[in-house]
file query-v2.cif (mmCIF, C-alpha atoms)
data_run
loop_
_atom_site.label_atom_id
_atom_site.label_comp_id
_atom_site.auth_asym_id
_atom_site.auth_seq_id
_atom_site.Cartn_x
_atom_site.Cartn_y
_atom_site.Cartn_z
CA MET A 82 0.00 0.00 0.00
CA LYS A 83 1.24 3.44 -0.88
CA ASN A 84 2.38 5.60 1.99
CA SER A 85 3.29 9.27 1.84
CA PHE A 86 4.03 12.45 3.74
CA SER A 87 4.49 16.10 2.93
CA LEU A 88 6.41 18.93 4.55
CA ILE A 89 6.36 22.67 3.98
CA VAL A 90 9.33 24.40 5.57
CA ASP A 91 10.94 27.81 5.51
CA ALA A 92 13.94 28.14 3.20
CA ASN A 93 16.25 28.33 6.19
CA LEU A 94 19.59 26.52 6.39
CA LYS A 95 18.73 25.45 9.93
CA ASN A 96 16.04 23.17 8.43
CA GLU A 97 18.43 21.16 6.25
CA ALA A 98 19.22 18.55 8.91
CA PHE A 99 15.55 18.40 9.98
CA ILE A 100 14.40 17.67 6.42
CA ARG A 101 16.98 14.98 5.60
CA ASN A 102 16.48 13.31 8.98
CA SER A 103 12.67 13.36 8.51
CA LEU A 104 13.09 11.62 5.15
CA ALA A 105 15.45 9.11 6.76
CA SER A 106 12.93 8.37 9.54
CA PHE A 107 10.20 7.77 6.94
CA ILE A 108 12.40 5.37 4.97
CA LEU A 109 13.85 3.51 7.96
CA PRO A 110 10.94 1.00 8.25
CA LEU A 111 11.85 -0.24 4.73
CA ASN A 112 15.08 -1.61 6.24
CA PRO A 113 17.45 0.24 3.91
CA THR A 114 21.19 -0.38 4.03
CA VAL A 115 23.28 2.35 5.63
CA ALA A 116 24.50 3.28 2.14
CA GLU A 117 20.94 3.57 0.75
CA LEU A 118 19.88 5.74 3.66
CA ASN A 119 22.93 7.99 3.25
CA ASP A 120 22.36 8.21 -0.52
CA ILE A 121 18.87 9.60 0.05
CA LYS A 122 19.98 11.96 2.83
CA THR A 123 22.74 13.36 0.61
CA ALA A 124 20.53 13.76 -2.47
CA VAL A 125 17.82 15.51 -0.44
CA SER A 126 20.36 17.80 1.20
CA GLU A 127 21.65 18.83 -2.24
CA ALA A 128 18.14 19.64 -3.48
CA ILE A 129 17.30 21.65 -0.36
CA THR A 130 20.57 23.60 -0.55
CA ASN A 131 19.71 24.48 -4.17
CA CYS A 132 16.29 25.83 -3.13
CA ILE A 133 17.80 28.01 -0.40
CA VAL A 134 21.03 29.18 -2.05
CA HIS A 135 19.95 29.43 -5.69
CA GLY A 136 16.12 29.43 -5.79
CA TYR A 137 15.61 32.00 -3.06
CA ASN A 138 19.20 33.35 -3.09
CA GLY A 139 19.28 33.28 0.71
CA GLY A 140 16.01 35.18 1.02
CA GLN A 141 12.64 34.14 2.36
CA GLY A 142 10.48 31.46 0.80
CA LYS A 143 8.96 28.04 1.32
CA ILE A 144 10.20 24.63 0.30
CA TYR A 145 7.65 21.91 -0.48
CA ILE A 146 8.62 18.28 0.05
CA ASP A 147 6.44 15.35 -0.99
CA CYS A 148 7.71 11.85 -0.30
CA SER A 149 5.93 8.60 -1.09
CA GLU A 150 6.78 4.92 -0.94
CA GLU A 151 5.20 1.83 -2.44
CA ASP A 152 6.84 -1.62 -2.41
CA SER A 153 10.05 0.08 -1.21
CA PHE A 154 10.08 2.34 -4.28
CA VAL A 155 10.68 5.83 -2.93
CA GLU A 156 9.71 9.00 -4.78
CA ILE A 157 10.76 12.43 -3.51
CA ILE A 158 9.53 15.69 -5.01
CA ILE A 159 11.09 18.97 -3.85
CA LYS A 160 9.67 22.28 -5.06
CA ASP A 161 10.36 25.96 -4.53
CA HIS A 162 8.89 29.18 -5.86
CA GLY A 163 12.27 30.80 -6.45
CA VAL A 164 13.96 32.21 -9.53
CA GLY A 165 14.20 28.94 -11.47
CA ILE A 166 17.19 27.69 -13.49
CA ASP A 167 18.31 29.44 -16.71
CA ASN A 168 19.84 26.40 -18.35
CA ILE A 169 18.99 23.09 -16.71
CA LYS A 170 21.23 21.04 -19.01
CA LYS A 171 24.22 23.22 -18.11
CA ALA A 172 23.32 23.24 -14.41
CA ARG A 173 23.42 19.45 -14.36
CA GLU A 174 26.97 19.27 -15.73
CA PRO A 175 29.56 18.21 -13.12
CA PHE A 176 31.43 21.13 -11.53
CA PHE A 177 29.22 23.75 -13.20
CA THR A 178 28.26 26.52 -10.79
CA THR A 179 26.91 30.05 -11.13
CA LYS A 180 28.37 30.91 -7.72
CA ALA A 181 32.03 29.92 -7.86
CA SER A 182 32.94 32.97 -5.78
CA GLU A 183 30.96 31.49 -2.87
CA GLU A 184 33.10 28.33 -2.79
CA ARG A 185 30.44 26.19 -4.48
CA SER A 186 31.61 22.91 -5.97
CA GLY A 187 28.98 22.52 -8.70
CA MET A 188 28.55 18.89 -7.67
CA GLY A 189 24.97 19.05 -6.37
CA PHE A 190 23.06 17.59 -9.31
CA THR A 191 25.87 15.11 -9.99
CA LEU A 192 25.51 13.71 -6.47
CA MET A 193 21.69 13.55 -6.77
CA GLU A 194 22.05 11.71 -10.08
CA THR A 195 24.65 9.29 -8.72
CA PHE A 196 22.94 8.46 -5.45
CA MET A 197 19.38 8.10 -6.78
CA ASP A 198 17.97 5.81 -9.52
CA SER A 199 16.39 8.71 -11.41
CA LEU A 200 16.49 12.50 -11.34
CA ASP A 201 14.19 14.93 -13.17
CA VAL A 202 14.67 18.68 -12.95
CA LEU A 203 12.26 21.17 -14.47
CA ASN A 204 11.22 24.79 -14.17
CA ALA A 205 7.67 25.06 -12.86
CA GLU A 206 5.11 26.97 -14.95
CA ASN A 207 4.35 29.32 -12.08
CA GLY A 208 8.04 29.91 -11.28
CA GLY A 209 10.56 27.94 -9.28
CA VAL A 210 12.06 24.51 -9.72
CA ILE A 211 10.67 21.00 -9.35
CA VAL A 212 13.12 18.21 -8.57
CA LYS A 213 11.83 14.65 -8.71
CA MET A 214 14.01 11.78 -7.54
CA THR A 215 13.29 8.07 -7.17
CA LYS A 216 15.11 5.16 -5.61
CA GLN A 217 14.28 1.51 -5.11
CA ILE A 218 15.26 0.38 -1.62
CA HIS A 219 16.69 -3.14 -1.77
CA GLY A 220 17.77 -3.30 1.87
CA MET B 149 29.55 21.00 13.99
CA GLU B 150 32.51 21.42 16.27
CA ILE B 151 36.24 21.34 15.53
CA LYS B 152 38.90 20.39 18.08
CA TYR B 153 42.54 21.13 17.36
CA ARG B 154 45.69 19.37 18.47
CA THR B 155 49.24 20.33 17.53
CA SER B 156 52.30 18.10 17.42
CA ASN B 157 55.45 19.72 16.02
CA ASN B 158 54.57 20.83 12.47
CA VAL B 159 51.35 18.78 12.29
CA LEU B 160 48.03 20.29 13.27
CA THR B 161 45.13 17.88 13.54
CA ALA B 162 41.64 19.30 13.21
CA LYS B 163 39.05 16.82 14.43
CA LEU B 164 35.60 17.56 13.04
CA PHE B 165 32.45 16.48 14.88
CA GLY B 166 28.93 16.50 13.39
CA ASP B 167 27.35 17.40 10.04
CA LEU B 168 29.21 19.38 7.39
CA ASP B 169 26.42 20.95 5.33
CA GLU B 170 25.44 24.41 4.15
CA TYR B 171 24.34 25.34 7.67
CA SER B 172 27.67 24.53 9.32
CA ALA B 173 29.92 25.47 6.38
CA GLU B 174 30.49 29.05 7.48
CA TYR B 175 31.74 27.96 10.90
CA VAL B 176 34.14 25.45 9.30
CA ARG B 177 35.47 28.09 6.88
CA MET B 178 36.07 30.62 9.64
CA SER B 179 37.60 28.14 12.04
CA LEU B 180 40.06 26.68 9.50
CA ASP B 181 41.00 30.08 8.08
CA LYS B 182 41.86 31.26 11.58
CA VAL B 183 44.21 28.28 11.83
CA LEU B 184 45.78 29.28 8.54
CA ALA B 185 46.68 32.67 10.00
CA ASP B 186 48.20 30.99 13.07
CA LEU B 187 50.27 28.58 10.96
CA ASN B 188 51.88 31.28 8.86
CA PHE B 189 55.29 30.97 10.54
CA VAL B 190 55.41 27.18 10.98
CA LYS B 191 57.86 25.48 8.61
CA ASN B 192 56.54 22.54 6.52
CA ALA B 193 53.17 22.78 8.23
CA VAL B 194 50.69 19.95 7.63
CA VAL B 195 47.01 20.14 8.50
CA VAL B 196 45.25 16.81 9.04
CA LEU B 197 41.47 16.99 8.77
CA ASP B 198 40.15 14.11 10.88
CA PHE B 199 36.76 13.04 9.43
CA SER B 200 36.26 10.06 11.80
CA ASN B 201 33.39 11.77 13.57
CA VAL B 202 31.77 13.60 10.67
CA THR B 203 28.22 12.30 10.55
CA PHE B 204 27.18 13.83 7.22
CA MET B 205 28.72 15.74 4.32
CA ASP B 206 27.28 16.91 1.00
CA SER B 207 28.73 18.87 -1.94
CA THR B 208 28.90 22.00 0.21
CA GLY B 209 31.72 20.26 2.07
CA ILE B 210 33.56 19.70 -1.22
CA GLY B 211 33.37 23.43 -1.95
CA VAL B 212 34.69 24.23 1.52
CA LEU B 213 37.60 21.76 1.15
CA LEU B 214 38.63 22.91 -2.34
CA ALA B 215 38.66 26.54 -1.26
CA ARG B 216 40.73 25.71 1.85
CA TYR B 217 43.16 23.75 -0.36
CA LYS B 218 43.70 26.83 -2.54
CA LYS B 219 44.28 29.12 0.44
CA PHE B 220 46.55 26.74 2.35
CA ASN B 221 48.49 25.72 -0.75
CA GLN B 222 49.39 29.36 -1.39
CA LYS B 223 51.14 29.34 2.00
CA ASN B 224 52.81 25.98 1.28
CA ILE B 225 50.70 24.24 3.89
CA SER B 226 49.54 20.78 2.86
CA ILE B 227 46.22 19.23 3.89
CA GLN B 228 45.53 15.55 4.49
CA ILE B 229 42.15 13.85 4.91
CA TYR B 230 42.01 11.29 7.71
CA ASN B 231 39.56 8.39 8.01
CA PRO B 232 36.31 9.59 6.39
CA PRO B 233 33.20 7.36 6.74
CA ALA B 234 32.21 5.36 3.62
CA GLN B 235 29.63 7.79 2.20
CA ILE B 236 31.92 10.79 2.61
CA ASP B 237 34.80 8.79 1.10
CA ARG B 238 32.63 8.17 -1.99
CA ILE B 239 31.88 11.88 -2.38
CA MET B 240 35.57 12.78 -1.90
CA LYS B 241 36.54 10.30 -4.63
CA MET B 242 33.88 11.58 -7.04
CA ALA B 243 35.21 15.11 -6.64
CA GLY B 244 38.86 14.03 -6.97
CA ILE B 245 39.72 15.47 -3.56
CA TYR B 246 42.47 12.95 -2.76
CA SER B 247 44.65 14.06 -5.68
CA LEU B 248 44.97 17.41 -3.88
CA MET B 249 44.54 16.39 -0.24
CA PRO B 250 45.82 12.83 0.25
CA LEU B 251 43.84 10.28 2.20
CA THR B 252 45.55 8.93 5.31
CA GLY B 253 44.56 6.43 7.98
CA LYS B 254 42.62 3.96 5.80
#
call {"tool": "encode", "arguments": {"input": "query-v2.cif", "output": "structure tokens"}}
result
Amino acid sequence: MKNSFSLIVDANLKNEAFIRNSLASFILPLNPTVAELNDIKTAVSEAITNCIVHGYNGGQGKIYIDCSEEDSFVEIIIKDHGVGIDNIKKAREPFFTTKASEERSGMGFTLMETFMDSLDVLNAENGGVIVKMTKQIHG
Amino acid sequence: MEIKYRTSNNVLTAKLFGDLDEYSAEYVRMSLDKVLADLNFVKNAVVVLDFSNVTFMDSTGIGVLLARYKKFNQKNISIQIYNPPAQIDRIMKMAGIYSLMPLTGK
């Protein structure tokens, strides 16, 4: 049976640990391996950092997280109403960053792609970015 | 995040405790850069970053490390990475960190 939860949180760096640990708590009953759990925590942290640092550029806003699970197949959707991404293809290239001066590595999307089974990134019609990630938990 | 420092001759060990993410990054930057200023007059200085007790790190940590490498390298201070947990080790390898800051202790 499908199971899901949603969170709406302020785009505040303080919430990063709360969000990734909430996701981890939701997934824990599926008996993931430590690596699977860490993969999801890392991917989620990357997406949330993008919302705060790029989407809202450090300003105020909300982040919307929808997570569902069915037969240990986990789907995570993270949305913001920020500025969006000019060139998604470019943004997904390893080491590409628009904020090199702020010591950014440009590895965010690469890590999401590597640690999850699938990653979709799109600009929302009403502004902002939608990131959808899935992962099958094998345990 | 908390960092504890220990000095032995020319080697300074910085032991990191907790999560290294966007929230804690600024503290890590400031703390390590303060060390850099203190090490200015130490000959052949080596900084060992002990990751044994780092509970989480994402790509923000990679950005922090690469920028510290650049700053420290300019002063001829080398950095070594000690004993990162498996997930952090994977991220370090993906970013090619060990070619700049060698892995020790594993």
call {"tool": "resolve_selection", "arguments": {"input": "query-v2.cif", "expression": "the PyMOL selection byres ((chain B) within 7 of (chain A))", "output": "PyMOL selection string"}}
result
chain B and resi 170-171+206-208+210-212+215+235
call {"tool": "atom_distance", "arguments": {"input": "query-v2.cif", "atom1": "CA of Leu180 in chain B", "atom2": "CA of Asn138 in chain A"}}
result
25.3 Å
call {"tool": "residues_around", "arguments": {"input": "query-v2.cif", "residues": "range 189-204 of chain B", "least_positions_apart": "6", "cutoff": "9 Å", "atoms": "only C-alpha atoms", "output": "PyMOL selection string"}}
result
(chain A and resi 119+122-123) or (chain B and resi 149+157-169+224-233+235-236+252)
call {"tool": "residues_around", "arguments": {"input": "query-v2.cif", "residues": "Asp201 in chain A", "least_positions_apart": "6", "cutoff": "9 Å", "atoms": "all atoms listed in the file", "output": "PyMOL selection string"}}
result
chain A and resi 211-214
call {"tool": "closest_residue", "arguments": {"input": "query-v2.cif", "among": "B:Ala185, B:Leu251, B:Met178, B:Ile245", "to": "Leu213 in chain B", "atoms": "only C-alpha atoms"}}
result
B:Ile245
call {"tool": "residues_around", "arguments": {"input": "query-v2.cif", "residues": "His219 in chain A", "least_positions_apart": "6", "cutoff": "9 Å", "atoms": "all atoms listed in the file", "output": "list in words"}}
result
Leu111, Asn112, Pro113, Thr114, Glu117, Ser153 and Phe154 of chain A
call {"tool": "atom_distance", "arguments": {"input": "query-v2.cif", "atom1": "CA of Ile159 in chain A", "atom2": "CA of Pro110 in chain A"}}
result
21.7 Å
call {"tool": "closest_residue", "arguments": {"input": "query-v2.cif", "among": "B:Gly209, B:Arg154, B:Asp181, B:Asp186", "to": "Met240 in chain B", "atoms": "all atoms listed in the file"}}
result
B:Gly209
call {"tool": "atom_distance", "arguments": {"input": "query-v2.cif", "atom1": "CA of Ile89 in chain A", "atom2": "CA of Ile239 in chain B"}}
result
28.4 Å
call {"tool": "residues_around", "arguments": {"input": "query-v2.cif", "residues": "Ser87 in chain A", "least_positions_apart": "6", "cutoff": "12 Å", "atoms": "only C-alpha atoms", "output": "PDB file with C-alpha atoms, in the frame of the given file"}}
result
ATOM      1  CA  ILE A 100      14.400  17.670   6.420  1.00  0.00           C
ATOM      2  CA  SER A 103      12.670  13.360   8.510  1.00  0.00           C
ATOM      3  CA  LEU A 104      13.090  11.620   5.150  1.00  0.00           C
ATOM      4  CA  PHE A 107      10.200   7.770   6.940  1.00  0.00           C
ATOM      5  CA  ILE A 144      10.200  24.630   0.300  1.00  0.00           C
ATOM      6  CA  TYR A 145       7.650  21.910  -0.480  1.00  0.00           C
ATOM      7  CA  ILE A 146       8.620  18.280   0.050  1.00  0.00           C
ATOM      8  CA  ASP A 147       6.440  15.350  -0.990  1.00  0.00           C
ATOM      9  CA  CYS A 148       7.710  11.850  -0.300  1.00  0.00           C
ATOM     10  CA  SER A 149       5.930   8.600  -1.090  1.00  0.00           C
ATOM     11  CA  GLU A 156       9.710   9.000  -4.780  1.00  0.00           C
ATOM     12  CA  ILE A 157      10.760  12.430  -3.510  1.00  0.00           C
ATOM     13  CA  ILE A 158       9.530  15.690  -5.010  1.00  0.00           C
ATOM     14  CA  ILE A 159      11.090  18.970  -3.850  1.00  0.00           C
ATOM     15  CA  LYS A 160       9.670  22.280  -5.060  1.00  0.00           C
TER      16      LYS A 160
END
call {"tool": "resolve_selection", "arguments": {"input": "query-v2.cif", "expression": "the PyMOL selection byres ((chain A and resi 140) around 12)", "output": "number ranges by chain"}}
result
A: 91-94, 132-139, 141-143, 162-164
call {"tool": "resolve_selection", "arguments": {"input": "query-v2.cif", "expression": "the PyMOL selection byres ((chain A and resi 83) around 6)", "output": "list in words"}}
result
Met82, Asn84, Glu150 and Glu151 of chain A
call {"tool": "closest_residue", "arguments": {"input": "query-v2.cif", "among": "B:Arg216, B:Lys182, B:Lys223, B:Arg238", "to": "Tyr153 in chain B", "atoms": "only C-alpha atoms"}}
result
B:Lys182
call {"tool": "closest_residue", "arguments": {"input": "query-v2.cif", "among": "A:Val90, A:Ala128, A:Val155, A:Ala172", "to": "Ile218 in chain A", "atoms": "all atoms listed in the file"}}
result
A:Val155
